[in-house]
>>> print(open('final-v3.pdb').read())   # PDB, C-alpha atoms and all ligand atoms
ATOM      1  CA  MET A   7     -59.938  45.971 -57.969
ATOM      2  CA  SER A   8     -60.973  49.454 -57.000
ATOM      3  CA  MET A   9     -63.571  49.926 -54.354
ATOM      4  CA  PRO A  10     -67.158  50.342 -55.616
ATOM      5  CA  TRP A  11     -68.411  53.852 -54.898
ATOM      6  CA  GLN A  12     -71.348  52.518 -52.901
ATOM      7  CA  LEU A  13     -69.006  50.802 -50.488
ATOM      8  CA  LYS A  14     -66.844  53.915 -50.320
ATOM      9  CA  VAL A  15     -69.862  56.047 -49.409
ATOM     10  CA  GLY A  16     -71.034  53.393 -46.943
ATOM     11  CA  LEU A  17     -67.666  53.196 -45.219
ATOM     12  CA  TYR A  18     -67.403  56.983 -45.145
ATOM     13  CA  ASN A  19     -70.797  57.180 -43.468
ATOM     14  CA  LYS A  20     -69.822  54.426 -41.079
ATOM     15  CA  ARG A  21     -66.688  56.296 -40.038
ATOM     16  CA  LYS A  22     -68.538  59.574 -39.799
ATOM     17  CA  TYR A  23     -71.316  58.259 -37.594
ATOM     18  CA  ARG A  24     -69.317  55.768 -35.554
ATOM     19  CA  ARG A  25     -68.992  58.095 -32.618
ATOM     20  CA  HIS A  26     -72.691  58.876 -32.395
ATOM     21  CA  GLU A  27     -74.215  55.676 -33.609
ATOM     22  CA  PRO A  28     -74.702  52.712 -31.270
ATOM     23  CA  ARG A  29     -73.929  49.220 -32.601
ATOM     24  CA  PRO A  30     -76.755  48.151 -34.923
ATOM     25  CA  ILE A  31     -79.276  45.656 -33.617
ATOM     26  CA  ALA A  32     -79.322  42.530 -35.756
ATOM     27  CA  GLU A  33     -83.094  41.989 -35.596
ATOM     28  CA  CYS A  34     -83.759  45.468 -37.038
ATOM     29  CA  LEU A  35     -81.547  45.107 -40.118
ATOM     30  CA  PRO A  36     -82.970  43.631 -43.325
ATOM     31  CA  SER A  37     -81.583  40.124 -43.672
ATOM     32  CA  ILE A  38     -81.448  37.136 -46.002
ATOM     33  CA  ASN A  39     -81.504  33.658 -44.508
ATOM     34  CA  VAL A  40     -79.786  31.002 -46.621
ATOM     35  CA  ASN A  41     -82.561  28.567 -45.757
ATOM     36  CA  ASP A  42     -85.121  30.816 -47.455
ATOM     37  CA  LEU A  43     -83.380  30.532 -50.824
ATOM     38  CA  ASP A  44     -84.294  27.856 -53.286
ATOM     39  CA  ILE A  45     -80.797  26.579 -54.062
ATOM     40  CA  PRO A  46     -80.756  24.441 -57.225
ATOM     41  CA  ARG A  47     -79.531  20.898 -56.962
ATOM     42  CA  ASP A  48     -78.414  20.703 -60.585
ATOM     43  CA  TYR A  49     -75.583  22.500 -62.373
ATOM     44  CA  GLN A  50     -77.604  25.305 -63.931
ATOM     45  CA  THR A  51     -77.753  28.952 -62.962
ATOM     46  CA  TYR A  52     -81.189  30.376 -62.299
ATOM     47  CA  ILE A  53     -82.505  33.911 -62.129
ATOM     48  CA  ALA A  54     -85.067  34.609 -59.440
ATOM     49  CA  PRO A  55     -87.581  36.957 -61.082
ATOM     50  CA  ASP A  56     -89.570  38.337 -58.135
ATOM     51  CA  ILE A  57     -86.791  38.556 -55.597
ATOM     52  CA  SER A  58     -87.488  42.189 -54.746
ATOM     53  CA  LEU A  59     -90.937  41.259 -53.481
ATOM     54  CA  ARG A  60     -89.317  39.143 -50.837
ATOM     55  CA  PHE A  61     -86.166  41.178 -50.252
ATOM     56  CA  PRO A  62     -86.939  44.809 -51.182
ATOM     57  CA  HIS A  63     -83.279  45.858 -51.194
ATOM     58  CA  ILE A  64     -82.294  43.266 -53.777
ATOM     59  CA  SER A  65     -83.167  44.015 -57.394
ATOM     60  CA  ASN A  66     -81.995  40.778 -58.988
ATOM     61  CA  MET A  67     -80.623  37.406 -57.938
ATOM     62  CA  ARG A  68     -78.710  34.747 -59.870
ATOM     63  CA  ILE A  69     -78.311  31.475 -58.077
ATOM     64  CA  ALA A  70     -76.479  28.196 -58.718
ATOM     65  CA  TRP A  71     -75.623  25.276 -56.439
ATOM     66  CA  ASN A  72     -72.268  26.834 -55.462
ATOM     67  CA  MET A  73     -72.882  30.593 -55.457
ATOM     68  CA  VAL A  74     -75.422  33.388 -55.409
ATOM     69  CA  GLN A  75     -75.201  36.877 -56.873
ATOM     70  CA  PHE A  76     -77.277  39.690 -55.429
ATOM     71  CA  ALA A  77     -77.730  42.845 -57.476
ATOM     72  CA  HIS A  78     -78.433  45.880 -55.322
ATOM     73  CA  SER A  79     -77.503  49.566 -55.151
ATOM     74  CA  ASP A  80     -76.245  49.474 -58.784
ATOM     75  CA  ARG A  81     -73.735  46.710 -58.191
ATOM     76  CA  VAL A  82     -73.486  42.954 -57.719
ATOM     77  CA  GLN A  83     -72.189  41.067 -54.707
ATOM     78  CA  THR A  84     -71.301  37.397 -55.045
ATOM     79  CA  PHE A  85     -71.323  34.878 -52.225
ATOM     80  CA  ASN A  86     -70.199  31.297 -52.488
ATOM     81  CA  PHE A  87     -72.051  28.578 -50.675
ATOM     82  CA  LYS A  88     -70.328  26.321 -48.237
ATOM     83  CA  TRP A  89     -71.998  22.944 -47.949
ATOM     84  CA  ILE A  90     -71.817  21.756 -44.381
ATOM     85  CA  LYS A  91     -71.858  18.004 -44.008
ATOM     86  CA  THR A  92     -74.572  16.595 -41.805
ATOM     87  CA  GLY A  93     -74.481  13.139 -40.309
ATOM     88  CA  PHE A  94     -77.454  11.997 -42.333
ATOM     89  CA  GLY A  95     -79.293  13.525 -45.229
ATOM     90  CA  TYR A  96     -78.496  16.407 -47.562
ATOM     91  CA  PRO A  97     -75.708  18.841 -46.545
ATOM     92  CA  ARG A  98     -76.764  22.227 -45.151
ATOM     93  CA  PRO A  99     -75.811  25.402 -47.050
ATOM     94  CA  ALA A 100     -74.165  28.496 -45.596
ATOM     95  CA  PHE A 101     -73.094  31.769 -47.213
ATOM     96  CA  VAL A 102     -69.372  32.495 -47.300
ATOM     97  CA  CYS A 103     -69.212  36.177 -46.384
ATOM     98  CA  GLU A 104     -66.594  38.471 -47.945
ATOM     99  CA  CYS A 105     -64.723  38.304 -44.634
ATOM    100  CA  GLY A 106     -64.427  34.527 -44.988
ATOM    101  CA  ARG A 107     -66.895  33.514 -42.300
ATOM    102  CA  SER A 108     -69.608  30.970 -43.033
ATOM    103  CA  VAL A 109     -72.960  32.366 -42.000
ATOM    104  CA  ILE A 110     -76.629  31.487 -42.248
ATOM    105  CA  LYS A 111     -77.799  35.110 -42.407
ATOM    106  CA  LEU A 112     -76.560  38.063 -44.413
ATOM    107  CA  TYR A 113     -77.518  41.552 -43.277
ATOM    108  CA  PHE A 114     -77.984  44.665 -45.365
ATOM    109  CA  ARG A 115     -76.529  47.933 -44.138
ATOM    110  CA  HIS A 116     -74.893  50.990 -45.691
ATOM    111  CA  GLN A 117     -75.757  49.607 -49.153
ATOM    112  CA  HIS A 118     -73.687  46.526 -48.432
ATOM    113  CA  LEU A 119     -74.414  42.875 -47.687
ATOM    114  CA  GLY A 120     -72.334  41.229 -44.981
ATOM    115  CA  CYS A 121     -72.424  39.054 -41.901
ATOM    116  CA  ARG A 122     -73.225  40.167 -38.374
ATOM    117  CA  THR A 123     -69.525  40.367 -37.495
ATOM    118  CA  CYS A 124     -68.784  42.621 -40.483
ATOM    119  CA  PHE A 125     -71.426  45.074 -39.295
ATOM    120  CA  ASN A 126     -70.528  44.707 -35.623
ATOM    121  CA  THR A 127     -74.148  43.993 -34.718
ATOM    122  CA  VAL A 128     -75.588  43.040 -31.368
ATOM    123  CA  TYR A 129     -78.754  41.122 -30.659
ATOM    124  CA  GLY A 130     -81.534  42.938 -28.859
ATOM    125  CA  CYS A 131     -81.104  40.836 -25.738
ATOM    126  CA  GLN A 132     -77.401  41.735 -25.543
ATOM    127  CA  THR A 133     -78.307  45.350 -24.858
ATOM    128  CA  ARG A 134     -80.285  44.452 -21.709
ATOM    129  CA  ASN A 135     -79.289  43.303 -18.243
ATOM    130  CA  LYS A 136     -80.705  40.147 -16.662
ATOM    131  CA  ARG A 137     -84.017  41.767 -15.744
ATOM    132  CA  GLY A 138     -84.400  43.378 -19.173
ATOM    133  CA  ARG A 139     -83.719  40.056 -20.876
ATOM    134  CA  ALA A 140     -86.470  38.389 -18.832
ATOM    135  CA  ILE A 141     -88.896  41.132 -19.900
ATOM    136  CA  LEU A 142     -87.877  40.822 -23.557
ATOM    137  CA  LYS A 143     -88.229  37.045 -23.393
ATOM    138  CA  ALA A 144     -91.703  37.399 -21.877
ATOM    139  CA  ILE A 145     -92.806  39.869 -24.582
ATOM    140  CA  ARG A 146     -91.669  37.468 -27.308
ATOM    141  CA  LEU A 147     -93.334  34.477 -25.664
ATOM    142  CA  ARG A 148     -96.611  36.369 -25.193
ATOM    143  CA  ASN A 149     -96.539  37.421 -28.840
ATOM    144  CA  PHE A 150     -95.799  33.854 -29.866
ATOM    145  CA  LEU A 151     -98.803  32.561 -27.925
ATOM    146  CA  LYS A 152    -100.909  35.263 -29.571
ATOM    147  CA  PHE A 153     -99.693  34.626 -33.136
ATOM    148  CA  LYS A 154     -99.764  30.850 -32.947
ATOM    149  CA  THR A 155    -103.441  30.065 -32.738
ATOM    150  CA  ARG A 156    -103.277  26.299 -33.233
ATOM    151  CA  MET A 157    -101.252  24.634 -30.539
ATOM    152  CA  ARG A 158    -101.814  21.773 -28.151
ATOM    153  CA  LYS A 159    -103.027  22.909 -24.725
ATOM    154  CA  SER A 160    -100.173  21.214 -22.884
ATOM    155  CA  ILE A 161     -97.574  22.944 -25.072
ATOM    156  CA  ARG A 162     -99.298  26.290 -24.550
ATOM    157  CA  GLN A 163     -99.212  25.763 -20.787
ATOM    158  CA  ARG A 164     -95.571  24.751 -20.861
ATOM    159  CA  LEU A 165     -94.622  27.889 -22.803
ATOM    160  CA  ARG A 166     -96.719  30.102 -20.537
ATOM    161  CA  ALA A 167     -94.834  28.713 -17.550
ATOM    162  CA  ARG A 168     -91.613  30.126 -19.010
ATOM    163  CA  ILE A 169     -92.896  33.689 -18.598
ATOM    164  CA  THR A 170     -91.434  34.903 -15.332
ATOM    165  CA  VAL A 171     -92.407  38.577 -15.346
ATOM    166  CA  THR A 172     -95.786  40.285 -15.066
ATOM    167  CA  PRO A 173     -97.352  42.012 -18.104
ATOM    168  CA  SER A 174     -97.007  45.420 -16.412
ATOM    169  CA  GLN A 175     -93.206  45.231 -16.669
ATOM    170  CA  GLU A 176     -92.125  46.931 -19.858
ATOM    171  CA  LEU A 177     -88.893  47.605 -21.655
ATOM    172  CA  LYS A 178     -87.952  51.152 -20.748
ATOM    173  CA  THR A 179     -85.878  51.841 -23.827
ATOM    174  CA  LYS A 180     -86.512  53.401 -27.188
ATOM    175  CA  ARG A 181     -83.705  51.373 -28.683
ATOM    176  CA  LEU A 182     -85.786  48.193 -28.637
ATOM    177  CA  ALA A 183     -89.057  49.780 -29.718
ATOM    178  CA  HIS A 184     -88.801  48.415 -33.256
ATOM    179  CA  HIS A 185     -91.535  45.850 -33.888
ATOM    180  CA  ARG A 186     -89.038  43.271 -35.146
ATOM    181  CA  ILE A 187     -87.414  43.187 -31.707
ATOM    182  CA  GLN A 188     -90.624  42.134 -30.039
ATOM    183  CA  ILE A 189     -91.685  39.307 -32.330
ATOM    184  CA  PRO A 190     -90.566  35.760 -31.609
ATOM    185  CA  HIS A 191     -87.646  34.707 -33.778
ATOM    186  CA  HIS A 192     -88.103  30.993 -33.560
ATOM    187  CA  ASN A 193     -90.826  28.428 -33.287
ATOM    188  CA  TYR A 194     -90.142  27.217 -29.727
ATOM    189  CA  CYS A 195     -89.909  23.629 -31.012
ATOM    190  CA  THR A 196     -93.524  23.623 -32.177
ATOM    191  CA  ARG A 197     -94.743  22.515 -35.565
ATOM    192  CA  GLY A 198     -96.171  24.678 -38.343
ATOM    193  CA  ILE A 199     -94.896  27.722 -40.159
ATOM    194  CA  ALA A 200     -93.794  30.814 -38.277
ATOM    195  CA  HIS A 201     -95.898  33.017 -40.579
ATOM    196  CA  TRP A 202     -95.112  36.315 -38.831
ATOM    197  CA  LEU A 203     -91.427  36.197 -39.770
TER     198      LEU A 203
HETATM  199 ZN    ZN B 301     -68.486  39.037 -42.804
END
>>> encode(input="final-v3.pdb", output="structure tokens", more="lines below")
Ligand SMILES: [Zn+2]
Amino acid sequence: MSMPWQLKVGLYNKRKYRRHEPRPIAECLPSINVNDLDIPRDYQTYIAPDISLRFPHISNMRIAWNMVQFAHSDRVQTFNFKWIKTGFGYPRPAFVCECGRSVIKLYFRHQHLGCRTCFNTVYGCQTRNKRGRAILKAIRLRNFLKFKTRMRKSIRQRLRARITVTPSQELKTKRLAHHRIQIPHHNYCTRGIAHWL
């Protein structure tokens, strides 16, 4: 099969900018989490009508229990699902990326969907040293305490105790200025929906 022109352009751009461009930061790339998809449990194929509201880069999505097709940039990319057995309960799904890896998240870059290894991404915290990581952690925890209004007092105190740096310490880098870097990416084992994600 010949290479789709979008991928060709994407790869050309990737090669062209490799020297100047730092590794992309995973949190800043648009992504699709397999757990956010409504995977059917019967043998029919469904079309998700308003997918572009949720994922602006995707124009159409067809989904069945074993695969999903994303239409974007005038082409279609298909990903199979791998069903990971759990000890109890329903198996957990994962995307099978075109490179063969099973992943929970697919990222969108250079008009292409792929896993974090395909795009050679780093996480925000990987770009910082020990001190920078503590500052980043504190920023995320402070934002979490701000966003999550309903929480038991004891839990709030326990989370606050994990902040080890003072508010005056800031990240001195433009690379992590993107707002998605500074929001908490998990729920810190508390209940309720993480509505800011
Ligand atoms: Zn991959």
>>> closest_residue(input="final-v3.pdb", among="A:Met157, A:Val128, A:Leu147, A:Leu165", to="Ile189 of chain A", atoms="all atoms listed in the file")
A:Leu147
>>> residues_near_ligand(input="final-v3.pdb", ligand="ligand ZN 301 (chain B)", cutoff="10 Å", atoms="all atoms listed in the file", output="PyMOL selection string")
chain A and resi 101-109+112-113+119-126
>>> write_last_selection(input="final-v3.pdb", atoms="C-alpha atoms", output="mmCIF file, in the coordinates of the input")
data_model
loop_
_atom_site.group_PDB
_atom_site.id
_atom_site.type_symbol
_atom_site.label_atom_id
_atom_site.label_comp_id
_atom_site.auth_asym_id
_atom_site.auth_seq_id
_atom_site.Cartn_x
_atom_site.Cartn_y
_atom_site.Cartn_z
ATOM 1 C CA PHE A 101 -73.094 31.769 -47.213
ATOM 2 C CA VAL A 102 -69.372 32.495 -47.300
ATOM 3 C CA CYS A 103 -69.212 36.177 -46.384
ATOM 4 C CA GLU A 104 -66.594 38.471 -47.945
ATOM 5 C CA CYS A 105 -64.723 38.304 -44.634
ATOM 6 C CA GLY A 106 -64.427 34.527 -44.988
ATOM 7 C CA ARG A 107 -66.895 33.514 -42.300
ATOM 8 C CA SER A 108 -69.608 30.970 -43.033
ATOM 9 C CA VAL A 109 -72.960 32.366 -42.000
ATOM 10 C CA LEU A 112 -76.560 38.063 -44.413
ATOM 11 C CA TYR A 113 -77.518 41.552 -43.277
ATOM 12 C CA LEU A 119 -74.414 42.875 -47.687
ATOM 13 C CA GLY A 120 -72.334 41.229 -44.981
ATOM 14 C CA CYS A 121 -72.424 39.054 -41.901
ATOM 15 C CA ARG A 122 -73.225 40.167 -38.374
ATOM 16 C CA THR A 123 -69.525 40.367 -37.495
ATOM 17 C CA CYS A 124 -68.784 42.621 -40.483
ATOM 18 C CA PHE A 125 -71.426 45.074 -39.295
ATOM 19 C CA ASN A 126 -70.528 44.707 -35.623
#
>>> residues_near_point(input="final-v3.pdb", point="(-78.9, 43.7, -35.9)", cutoff="12 Å", atoms="all atoms listed in the file", output="PDB file with C-alpha atoms, keeping the file's coordinate frame")
ATOM      1  CA  PRO A  28     -74.702  52.712 -31.270  1.00  0.00           C
ATOM      2  CA  ARG A  29     -73.929  49.220 -32.601  1.00  0.00           C
ATOM      3  CA  PRO A  30     -76.755  48.151 -34.923  1.00  0.00           C
ATOM      4  CA  ILE A  31     -79.276  45.656 -33.617  1.00  0.00           C
ATOM      5  CA  ALA A  32     -79.322  42.530 -35.756  1.00  0.00           C
ATOM      6  CA  GLU A  33     -83.094  41.989 -35.596  1.00  0.00           C
ATOM      7  CA  CYS A  34     -83.759  45.468 -37.038  1.00  0.00           C
ATOM      8  CA  LEU A  35     -81.547  45.107 -40.118  1.00  0.00           C
ATOM      9  CA  PRO A  36     -82.970  43.631 -43.325  1.00  0.00           C
ATOM     10  CA  SER A  37     -81.583  40.124 -43.672  1.00  0.00           C
ATOM     11  CA  LYS A 111     -77.799  35.110 -42.407  1.00  0.00           C
ATOM     12  CA  LEU A 112     -76.560  38.063 -44.413  1.00  0.00           C
ATOM     13  CA  TYR A 113     -77.518  41.552 -43.277  1.00  0.00           C
ATOM     14  CA  PHE A 114     -77.984  44.665 -45.365  1.00  0.00           C
ATOM     15  CA  ARG A 115     -76.529  47.933 -44.138  1.00  0.00           C
ATOM     16  CA  GLY A 120     -72.334  41.229 -44.981  1.00  0.00           C
ATOM     17  CA  CYS A 121     -72.424  39.054 -41.901  1.00  0.00           C
ATOM     18  CA  ARG A 122     -73.225  40.167 -38.374  1.00  0.00           C
ATOM     19  CA  THR A 123     -69.525  40.367 -37.495  1.00  0.00           C
ATOM     20  CA  CYS A 124     -68.784  42.621 -40.483  1.00  0.00           C
ATOM     21  CA  PHE A 125     -71.426  45.074 -39.295  1.00  0.00           C
ATOM     22  CA  ASN A 126     -70.528  44.707 -35.623  1.00  0.00           C
ATOM     23  CA  THR A 127     -74.148  43.993 -34.718  1.00  0.00           C
ATOM     24  CA  VAL A 128     -75.588  43.040 -31.368  1.00  0.00           C
ATOM     25  CA  TYR A 129     -78.754  41.122 -30.659  1.00  0.00           C
ATOM     26  CA  GLY A 130     -81.534  42.938 -28.859  1.00  0.00           C
ATOM     27  CA  CYS A 131     -81.104  40.836 -25.738  1.00  0.00           C
ATOM     28  CA  GLN A 132     -77.401  41.735 -25.543  1.00  0.00           C
ATOM     29  CA  THR A 133     -78.307  45.350 -24.858  1.00  0.00           C
ATOM     30  CA  ARG A 181     -83.705  51.373 -28.683  1.00  0.00           C
ATOM     31  CA  LEU A 182     -85.786  48.193 -28.637  1.00  0.00           C
ATOM     32  CA  HIS A 184     -88.801  48.415 -33.256  1.00  0.00           C
ATOM     33  CA  ARG A 186     -89.038  43.271 -35.146  1.00  0.00           C
ATOM     34  CA  ILE A 187     -87.414  43.187 -31.707  1.00  0.00           C
TER      35      ILE A 187
END
>>> closest_residue(input="final-v3.pdb", among="A:Ile38, A:Ala183, A:Ile90, A:Ala144", to="Phe76 of chain A", atoms="only C-alpha atoms")
A:Ile38
>>> closest_residue(input="final-v3.pdb", among="A:His118, A:Lys180, A:Lys91, A:Arg148", to="Pro10 of chain A", atoms="only C-alpha atoms")
A:His118
>>> atom_distance(input="final-v3.pdb", atom1="atom CA of Ile69 of chain A", atom2="atom CA of Tyr52 of chain A")
5.2 Å
>>> closest_residue(input="final-v3.pdb", among="A:Leu59, A:Met67, A:Val15, A:Ala100", to="Val40 of chain A", atoms="all atoms listed in the file")
A:Ala100
>>> residues_near_point(input="final-v3.pdb", point="(-82.5, 48.0, -56.8)", cutoff="6 Å", atoms="only C-alpha atoms", output="JSON list (two decimals) with C-alpha atoms, in the coordinates of the input")
[["chain", "number", "residue", "atom", "x", "y", "z"],
["A", 64, "ILE", "CA", -82.29, 43.27, -53.78],
["A", 65, "SER", "CA", -83.17, 44.02, -57.39],
["A", 78, "HIS", "CA", -78.43, 45.88, -55.32],
["A", 79, "SER", "CA", -77.50, 49.57, -55.15]]
>>> atom_distance(input="final-v3.pdb", atom1="atom CA of Leu151 of chain A", atom2="atom CA of Gln163 of chain A")
9.9 Å
>>> atom_distance(input="final-v3.pdb", atom1="atom CA of Trp71 of chain A", atom2="atom CA of Phe87 of chain A")
7.5 Å
>>> axis_aligned_box(input="final-v3.pdb", around="segment 131-145 of chain A", padding_each_side="3 Å", output="AutoDock Vina command-line options")
--center_x -85.1 --center_y 41.2 --center_z -20.7 --size_x 21.4 --size_y 14.3 --size_z 16.0
>>> resolve_selection(input="final-v3.pdb", expression="the PyMOL selection byres (((chain A and resi 136-143) around 8) and not hetatm)", output="list of chain:residue names")
A:Cys131, A:Arg134, A:Asn135, A:Ala144, A:Ile145, A:Arg146, A:Leu147, A:Ile169, A:Thr170, A:Val171, A:Gln175, A:Glu176, A:Leu177, A:Gln188
>>> closest_residue(input="final-v3.pdb", among="A:His192, A:Trp202, A:Ile110, A:Gln12", to="Gln83 of chain A", atoms="all atoms listed in the file")
A:Gln12
